[in-house]
file my_file19.tsv (TSV, C-alpha atoms)
chain	number	residue	atom	x	y	z
V	38	MET	CA	47.56	47.40	88.08
V	39	GLU	CA	45.57	46.69	91.23
V	40	ARG	CA	44.89	43.03	91.79
V	41	LEU	CA	41.29	41.82	91.82
V	42	THR	CA	39.76	40.73	95.08
V	43	TYR	CA	38.65	37.11	95.42
V	44	GLY	CA	35.03	38.14	94.87
V	45	GLU	CA	35.85	40.18	91.76
V	46	PHE	CA	37.94	37.35	90.33
V	47	ILE	CA	35.12	34.82	90.81
V	48	THR	CA	32.53	37.19	89.35
V	49	ASN	CA	34.67	37.85	86.26
V	50	LYS	CA	35.41	34.16	85.83
V	51	ILE	CA	31.73	33.29	85.92
V	52	ALA	CA	30.90	36.13	83.51
V	53	ASP	CA	33.05	34.36	80.90
V	54	ILE	CA	30.94	31.20	81.17
V	55	PRO	CA	28.13	31.01	78.57
V	56	TYR	CA	24.52	31.07	79.72
V	57	GLY	CA	23.23	27.57	80.41
V	58	GLN	CA	26.73	26.13	80.80
V	59	ALA	CA	27.25	24.15	84.00
V	60	PHE	CA	30.41	24.78	85.99
V	61	GLN	CA	31.88	23.09	89.03
V	62	THR	CA	33.06	24.91	92.11
V	63	ASP	CA	36.33	22.98	92.20
V	64	VAL	CA	37.19	24.24	88.69
V	65	ILE	CA	36.76	27.84	89.89
V	66	ALA	CA	38.78	27.00	93.00
V	67	GLU	CA	41.62	25.59	90.89
V	68	ALA	CA	41.69	28.75	88.75
V	69	MET	CA	41.90	30.87	91.90
V	70	ALA	CA	44.63	28.69	93.37
V	71	GLU	CA	46.65	29.19	90.20
V	72	GLU	CA	46.10	32.96	90.20
V	73	TYR	CA	46.57	33.65	93.91
V	74	LYS	CA	48.76	30.68	94.88
V	75	ALA	CA	46.22	29.86	97.55
V	76	LYS	CA	43.00	27.89	98.00
V	77	PRO	CA	40.40	30.36	99.21
V	78	ILE	CA	36.95	29.12	100.18
V	79	ILE	CA	34.64	30.10	97.32
V	80	ASN	CA	31.37	28.55	98.46
V	81	VAL	CA	30.35	31.68	100.35
V	82	THR	CA	30.91	33.89	97.30
V	83	LEU	CA	29.00	31.52	95.01
V	84	LYS	CA	26.09	31.38	97.46
V	85	ARG	CA	25.94	35.17	97.50
V	86	LEU	CA	25.89	35.26	93.70
V	87	ALA	CA	23.12	32.65	93.72
V	88	ASP	CA	21.14	34.67	96.29
V	89	ARG	CA	21.44	37.69	93.98
V	90	GLY	CA	20.13	35.60	91.08
V	91	LEU	CA	23.32	35.83	89.02
V	92	ILE	CA	23.82	32.06	89.04
V	93	GLU	CA	21.64	29.06	89.83
V	94	ARG	CA	22.54	25.97	91.84
V	95	PHE	CA	22.06	22.74	89.89
V	96	GLN	CA	23.39	20.25	92.42
V	97	LYS	CA	26.00	20.17	95.15
V	98	GLY	CA	29.16	21.82	93.85
V	99	VAL	CA	27.60	22.66	90.47
V	100	TYR	CA	26.10	25.95	89.26
V	101	TYR	CA	25.07	27.50	85.95
V	102	ARG	CA	24.18	30.92	84.56
V	103	ALA	CA	20.49	31.38	83.83
V	104	LYS	CA	19.54	34.03	81.29
V	105	GLN	CA	16.88	36.54	82.28
V	106	THR	CA	14.14	36.97	79.67
V	107	ALA	CA	10.84	38.83	79.49
V	108	PHE	CA	9.17	35.62	80.63
V	109	GLY	CA	11.53	34.94	83.50
V	110	LYS	CA	14.75	32.98	83.72
V	111	ALA	CA	15.55	30.64	80.84
V	112	ARG	CA	16.85	27.50	82.49
V	113	PRO	CA	18.53	24.71	80.48
V	114	ARG	CA	17.07	21.23	80.59
V	115	GLU	CA	18.39	19.01	83.35
V	116	GLU	CA	19.74	16.38	80.97
V	117	LEU	CA	21.79	19.01	79.11
V	118	LEU	CA	23.45	20.10	82.34
V	119	GLU	CA	24.16	16.47	83.26
V	120	ALA	CA	25.66	15.87	79.82
V	121	GLN	CA	27.87	18.96	80.15
V	122	LEU	CA	29.28	17.70	83.44
V	123	LEU	CA	30.10	14.35	81.84
V	124	THR	CA	31.77	15.80	78.75
V	125	CYS	CA	33.63	18.87	80.05
V	126	ARG	CA	35.50	19.88	83.14
V	127	GLY	CA	36.29	23.53	82.75
V	128	ASN	CA	38.02	23.74	79.37
V	129	GLU	CA	39.03	20.07	79.46
V	130	ILE	CA	37.22	17.48	77.32
V	131	ILE	CA	36.47	14.40	79.41
V	132	GLY	CA	33.68	12.75	77.43
V	133	TYR	CA	31.53	12.77	74.32
V	134	GLU	CA	28.08	11.87	73.07
V	135	THR	CA	27.89	8.42	71.54
V	136	GLY	CA	25.52	5.57	70.72
V	137	PHE	CA	22.08	5.90	69.18
V	138	SER	CA	21.64	9.52	70.30
V	139	LEU	CA	24.74	10.49	68.31
V	140	MET	CA	23.54	8.47	65.33
V	141	ASN	CA	20.31	10.43	65.38
V	142	LYS	CA	22.17	13.72	65.68
V	143	ILE	CA	24.39	13.09	62.63
V	144	GLY	CA	21.53	11.76	60.52
V	145	LEU	CA	22.09	8.00	60.43
V	146	THR	CA	18.67	7.31	61.93
V	147	THR	CA	15.43	9.21	62.35
V	148	LEU	CA	14.61	7.29	65.52
V	149	VAL	CA	14.90	9.53	68.57
V	150	PRO	CA	16.19	7.63	71.63
V	151	THR	CA	14.69	8.44	75.00
V	152	LYS	CA	18.13	8.73	76.59
V	153	ARG	CA	21.36	10.45	75.64
V	154	GLU	CA	24.45	8.22	75.69
V	155	ILE	CA	27.71	9.63	77.01
V	156	ALA	CA	31.13	7.98	77.10
V	157	THR	CA	33.13	9.72	79.80
V	158	ASN	CA	36.15	9.52	82.05
V	159	ALA	CA	33.67	10.26	84.86
V	160	TYR	CA	31.78	7.02	84.15
V	161	HIS	CA	31.68	6.25	87.89
V	162	LYS	CA	29.64	9.41	88.56
V	163	ASN	CA	26.05	8.91	89.69
V	164	VAL	CA	23.65	10.50	87.22
V	165	ASP	CA	19.92	10.59	86.71
V	166	ASP	CA	19.39	7.55	84.50
V	167	ARG	CA	16.04	8.90	83.35
V	168	PHE	CA	17.94	11.00	80.84
V	169	ILE	CA	21.44	9.62	80.34
V	170	ILE	CA	23.21	6.32	79.78
V	171	VAL	CA	26.84	6.48	80.88
V	172	ARG	CA	29.47	4.41	79.09
V	173	LYS	CA	33.03	3.71	80.09
V	174	PRO	CA	35.24	4.84	77.18
V	175	VAL	CA	37.67	2.38	75.60
V	176	VAL	CA	40.51	4.75	76.49
V	177	THR	CA	40.86	7.98	78.47
V	178	VAL	CA	39.07	10.76	76.58
V	179	ASN	CA	40.77	14.03	75.72
V	180	ALA	CA	40.46	16.88	73.22
V	181	GLY	CA	42.73	15.12	70.76
V	182	ASN	CA	40.90	11.80	70.54
V	183	PHE	CA	37.21	12.25	71.29
V	184	ARG	CA	36.18	12.74	67.64
V	185	TYR	CA	38.05	9.57	66.66
V	186	LEU	CA	36.32	7.65	69.45
V	187	GLN	CA	32.93	9.03	68.42
V	188	PHE	CA	33.53	7.88	64.85
V	189	LEU	CA	34.63	4.40	65.89
V	190	ASP	CA	31.83	4.01	68.44
V	191	VAL	CA	29.30	4.69	65.69
V	192	ILE	CA	30.94	2.13	63.40
V	193	SER	CA	31.00	-0.38	66.25
V	194	ASP	CA	27.29	0.18	66.94
V	195	LEU	CA	26.20	0.10	63.29
V	196	PRO	CA	25.35	-3.63	63.08
V	197	GLU	CA	22.86	-3.31	65.96
V	198	ALA	CA	21.40	0.05	64.97
V	199	SER	CA	18.20	0.84	63.08
V	200	VAL	CA	19.88	2.89	60.37
V	201	ASP	CA	17.43	4.36	57.87
V	202	ALA	CA	19.64	6.93	56.14
V	203	ALA	CA	19.78	6.57	52.35
V	204	ASN	CA	23.59	6.61	52.28
V	205	PRO	CA	25.13	5.85	55.70
V	206	LYS	CA	28.69	5.70	54.36
V	207	ALA	CA	28.37	9.19	52.90
V	208	ILE	CA	27.34	10.48	56.34
V	209	LEU	CA	30.36	8.80	57.92
V	210	HIS	CA	32.64	10.17	55.20
V	211	SER	CA	31.24	13.63	55.88
V	212	PHE	CA	31.80	13.26	59.64
V	213	ALA	CA	35.41	12.18	59.05
V	214	ALA	CA	36.06	15.05	56.63
V	215	LYS	CA	34.38	17.69	58.80
V	216	ASN	CA	36.44	16.68	61.83
V	217	LYS	CA	39.63	16.17	59.78
V	218	LEU	CA	40.16	12.62	60.99
V	219	ASP	CA	43.48	11.11	59.95
V	220	PRO	CA	42.89	7.60	58.49
V	221	ILE	CA	46.08	6.29	60.07
V	222	VAL	CA	45.08	7.53	63.52
V	223	VAL	CA	41.58	6.06	63.09
V	224	LEU	CA	43.06	2.71	62.10
V	225	THR	CA	45.45	2.77	65.04
V	226	TYR	CA	42.65	3.39	67.54
V	227	ALA	CA	40.49	0.73	65.89
V	228	ARG	CA	43.29	-1.83	66.00
V	229	ARG	CA	44.17	-1.14	69.64
V	230	PHE	CA	40.78	-0.62	71.26
V	231	TYR	CA	37.98	-2.05	69.09
V	232	SER	CA	36.91	-5.43	67.77
V	233	LYS	CA	38.17	-6.96	64.54
V	234	LYS	CA	34.64	-6.65	63.15
V	235	THR	CA	34.75	-2.89	63.73
V	236	LEU	CA	38.18	-2.72	62.11
V	237	LEU	CA	36.94	-4.52	58.98
V	238	ILE	CA	33.92	-2.21	58.65
V	239	LEU	CA	36.23	0.78	59.10
V	240	VAL	CA	38.61	-0.40	56.38
V	241	ASP	CA	35.68	-0.84	54.00
V	242	ILE	CA	34.51	2.73	54.74
V	243	LEU	CA	37.98	4.25	54.40
V	244	VAL	CA	38.81	2.41	51.19
V	245	GLU	CA	35.61	3.67	49.58
V	246	GLN	CA	36.26	7.19	50.87
V	247	ASN	CA	39.79	7.33	49.51
V	248	THR	CA	39.29	5.61	46.16
V	249	LYS	CA	35.92	6.94	45.03
V	250	LYS	CA	36.32	8.90	41.81
V	251	PRO	CA	35.65	12.60	42.48
V	252	GLN	CA	33.77	14.82	40.07
V	253	PHE	CA	35.92	17.78	39.06
V	254	ALA	CA	35.42	19.74	35.87
V	255	SER	CA	38.46	21.99	36.07
V	256	ASP	CA	41.90	22.50	37.58
V	257	LEU	CA	43.39	19.57	35.69
V	258	TRP	CA	47.10	19.06	35.73
V	259	TYR	CA	48.90	17.04	33.10
V	260	ASN	CA	51.44	14.35	33.69
V	261	ASN	CA	53.73	13.53	30.76
V	262	THR	CA	54.40	9.80	30.56
V	263	VAL	CA	55.96	7.52	27.98
V	264	LYS	CA	52.46	6.81	26.70
V	265	GLY	CA	51.56	10.41	26.09
V	266	VAL	CA	49.59	12.84	28.18
V	267	ASP	CA	47.46	11.63	31.03
V	268	SER	CA	45.14	14.04	32.84
V	269	MET	CA	44.43	13.94	36.55
V	270	SER	CA	42.98	16.47	38.95
V	271	PRO	CA	45.00	17.46	42.03
V	272	GLU	CA	42.12	16.14	44.14
V	273	LEU	CA	42.27	12.70	42.51
V	274	HIS	CA	46.02	12.64	42.98
V	275	ALA	CA	45.56	13.44	46.67
V	276	ARG	CA	42.94	10.71	47.01
V	277	ARG	CA	45.24	8.16	45.39
V	278	LEU	CA	48.04	9.10	47.75
V	279	ALA	CA	45.63	8.68	50.65
V	280	ALA	CA	44.54	5.29	49.32
V	281	VAL	CA	48.17	4.13	49.12
V	282	LYS	CA	48.81	5.40	52.63
V	283	LEU	CA	45.70	3.58	53.85
V	284	ALA	CA	46.69	0.31	52.16
V	285	ASN	CA	50.16	0.48	53.71
V	286	ALA	CA	48.64	1.16	57.12
V	287	VAL	CA	46.29	-1.82	56.84
V	288	ASN	CA	49.19	-4.06	55.81
V	289	LYS	CA	51.22	-2.82	58.75
V	290	ILE	CA	48.36	-3.49	61.15
V	291	GLU	CA	47.95	-7.01	59.79
V	292	GLY	CA	51.70	-7.62	59.91
V	293	VAL	CA	52.06	-7.99	56.14
V	294	PRO	CA	55.35	-6.53	54.82
V	295	VAL	CA	55.12	-4.33	51.71
V	296	SER	CA	57.85	-4.98	49.15
V	297	SER	CA	59.91	-2.17	47.67
V	298	GLN	CA	58.52	-3.02	44.22
V	299	ALA	CA	54.94	-2.75	45.49
V	300	LYS	CA	55.76	0.65	47.00
V	301	THR	CA	57.28	1.81	43.71
V	302	LEU	CA	54.29	0.63	41.70
V	303	SER	CA	51.88	2.25	44.15
V	304	ALA	CA	53.72	5.56	43.83
V	305	LYS	CA	53.54	5.35	40.02
V	306	TRP	CA	49.82	4.58	40.19
V	307	ALA	CA	49.25	7.54	42.52
V	308	ARG	CA	50.99	9.82	40.01
V	309	GLY	CA	48.97	8.42	37.11
V	310	GLU	CA	51.97	6.85	35.38
V	311	ILE	CA	50.37	3.39	35.33
V	312	SER	CA	46.83	2.13	35.65
V	313	GLY	CA	45.50	-0.01	38.45
V	314	ALA	CA	45.28	-2.97	36.05
V	315	GLU	CA	48.94	-2.54	35.04
V	316	MET	CA	50.03	-2.39	38.66
V	317	LYS	CA	48.07	-5.55	39.47
V	318	ALA	CA	49.42	-7.41	36.42
V	319	THR	CA	53.01	-6.52	37.31
V	320	LEU	CA	52.61	-7.71	40.89
V	321	ILE	CA	50.99	-10.98	39.77
V	322	ALA	CA	53.79	-11.60	37.27
V	323	LYS	CA	56.39	-10.94	39.96
V	324	HIS	CA	54.60	-13.30	42.34
V	325	LYS	CA	54.60	-16.10	39.73
V	326	GLN	CA	58.35	-15.70	39.22
V	327	SER	CA	59.13	-16.03	42.92
call {"tool": "encode", "arguments": {"input": "my_file19.tsv", "output": "structure tokens"}}
result
Amino acid sequence: MERLTYGEFITNKIADIPYGQAFQTDVIAEAMAEEYKAKPIINVTLKRLADRGLIERFQKGVYYRAKQTAFGKARPREELLEAQLLTCRGNEIIGYETGFSLMNKIGLTTLVPTKREIATNAYHKNVDDRFIIVRKPVVTVNAGNFRYLQFLDVISDLPEASVDAANPKAILHSFAAKNKLDPIVVLTYARRFYSKKTLLILVDILVEQNTKKPQFASDLWYNNTVKGVDSMSPELHARRLAAVKLANAVNKIEGVPVSSQAKTLSAKWARGEISGAEMKATLIAKHKQS
């Protein structure tokens, strides 16, 4: 198969970029260097594409694709392009939306902030502060952690925010579930990079999320115990296991050792073999004996 020329490669690469998505010339250059094992000068080619109207120049070293409509070219808003440059570099995640603008987006508040807040690895970059507030992230942002950092930033900002949602915790539970956030990972990030106040609020949210009684009308499974038959849904069983896992994680974070008996009782409670009251009574009795 005949190899593409530099110009054809650049044109094809840009064609894969969605309309309105900003891209940096050095990202294209890096892709070419990887493909051709060389660093060709691409500015001339990009200028030609811009002169032909296939791309638009946003700022030095940054272009975007503008979609042609019956009313002319549809250009994205300047603040959206700025936000893209602060959150993505090619296919790499380097930042995320945070603060009050994120709270508005997920439904915690109806107040619309005048500026979008972005936490980014490129926090030193000069941006137009008419539209964007740049934050330094608590840790380097990547594709694997940005949702966790978003979640914890919101929790950290909650005490100072004008939250008017009817059920803020339900919104946070939904965000965690939608993004499949692991409670242990969330706790680890909170313990390492956030304040103790944020950690305490997080624990309160996670405990409620993992112990709230779900409403299920079917799919019951039955656990035979010495006291007869006890019914429990698979979902409730999973939630109890998550609650035990969460409690153990909190104890580990606080440096509190969990006894083997406590682990055994927790496992029995998760399976529905004993009630929460029975587990508590057994632990209290054991404590009095020691």
call {"tool": "atom_distance", "arguments": {"input": "my_file19.tsv", "atom1": "CA of Val99 in chain V", "atom2": "CA of Leu139 in chain V"}}
result
25.4 Å
call {"tool": "residues_around", "arguments": {"input": "my_file19.tsv", "residues": "range 50-53 of chain V", "least_positions_apart": "3", "cutoff": "8 Å", "atoms": "all atoms listed in the file", "output": "ChimeraX atom specification"}}
result
/V:46-47,65
call {"tool": "atom_distance", "arguments": {"input": "my_file19.tsv", "atom1": "CA of Arg112 in chain V", "atom2": "CA of Ile54 in chain V"}}
result
14.6 Å
call {"tool": "closest_residue", "arguments": {"input": "my_file19.tsv", "among": "V:Leu148, V:Val176, V:Ala103, V:Val191", "to": "Arg229 in chain V", "atoms": "all atoms listed in the file"}}
result
V:Val176
call {"tool": "atom_distance", "arguments": {"input": "my_file19.tsv", "atom1": "CA of Leu218 in chain V", "atom2": "CA of Pro174 in chain V"}}
result
18.6 Å
call {"tool": "residues_around", "arguments": {"input": "my_file19.tsv", "residues": "Ala299 in chain V", "least_positions_apart": "6", "cutoff": "12 Å", "atoms": "all atoms listed in the file", "output": "list in words"}}
result
Val281, Ala284, Asn285, Asn288, Lys305, Trp306, Met316, Lys317, Ala318, Thr319, Leu320, Ile321, Lys323 and His324 of chain V
call {"tool": "residues_near_point", "arguments": {"input": "my_file19.tsv", "point": "(32.7, 16.6, 91.4)", "cutoff": "12 Å", "atoms": "all atoms listed in the file", "output": "list in words"}}
result
Ala59, Phe60, Gln61, Thr62, Asp63, Val64, Gln96, Lys97, Gly98, Val99, Tyr100, Glu119, Leu122, Leu123, Cys125, Arg126, Gly127, Ala159, His161, Lys162, Asn163 and Val164 of chain V
call {"tool": "closest_residue", "arguments": {"input": "my_file19.tsv", "among": "V:Gly44, V:Pro113, V:Gly90, V:Pro220", "to": "Gln58 in chain V", "atoms": "only C-alpha atoms"}}
result
V:Pro113
call {"tool": "axis_aligned_box", "arguments": {"input": "my_file19.tsv", "around": "range 302-316 of chain V", "padding_each_side": "4 Å", "output": "AutoDock Vina command-line options"}}
result
--center_x 49.8 --center_y 3.4 --center_z 39.6 --size_x 17.0 --size_y 20.8 --size_z 17.1
call {"tool": "closest_residue", "arguments": {"input": "my_file19.tsv", "among": "V:Ala202, V:Ile170, V:Leu118, V:Leu239", "to": "Asn141 in chain V", "atoms": "only C-alpha atoms"}}
result
V:Ala202
call {"tool": "closest_residue", "arguments": {"input": "my_file19.tsv", "among": "V:Asp219, V:Pro271, V:Leu224, V:Leu145", "to": "Ala207 in chain V", "atoms": "only C-alpha atoms"}}
result
V:Leu145
call {"tool": "closest_residue", "arguments": {"input": "my_file19.tsv", "among": "V:Pro205, V:Pro196, V:Gly132, V:Gly309", "to": "Val171 in chain V", "atoms": "all atoms listed in the file"}}
result
V:Gly132
call {"tool": "closest_residue", "arguments": {"input": "my_file19.tsv", "among": "V:Ala120, V:Ala180, V:Leu273, V:Ala227", "to": "Asp166 in chain V", "atoms": "all atoms listed in the file"}}
result
V:Ala120
call {"tool": "residues_around", "arguments": {"input": "my_file19.tsv", "residues": "Lys142 in chain V", "least_positions_apart": "6", "cutoff": "12 Å", "atoms": "only C-alpha atoms", "output": "PyMOL selection string"}}
result
chain V and resi 134-136+148-150+153-154+191+202+208+212
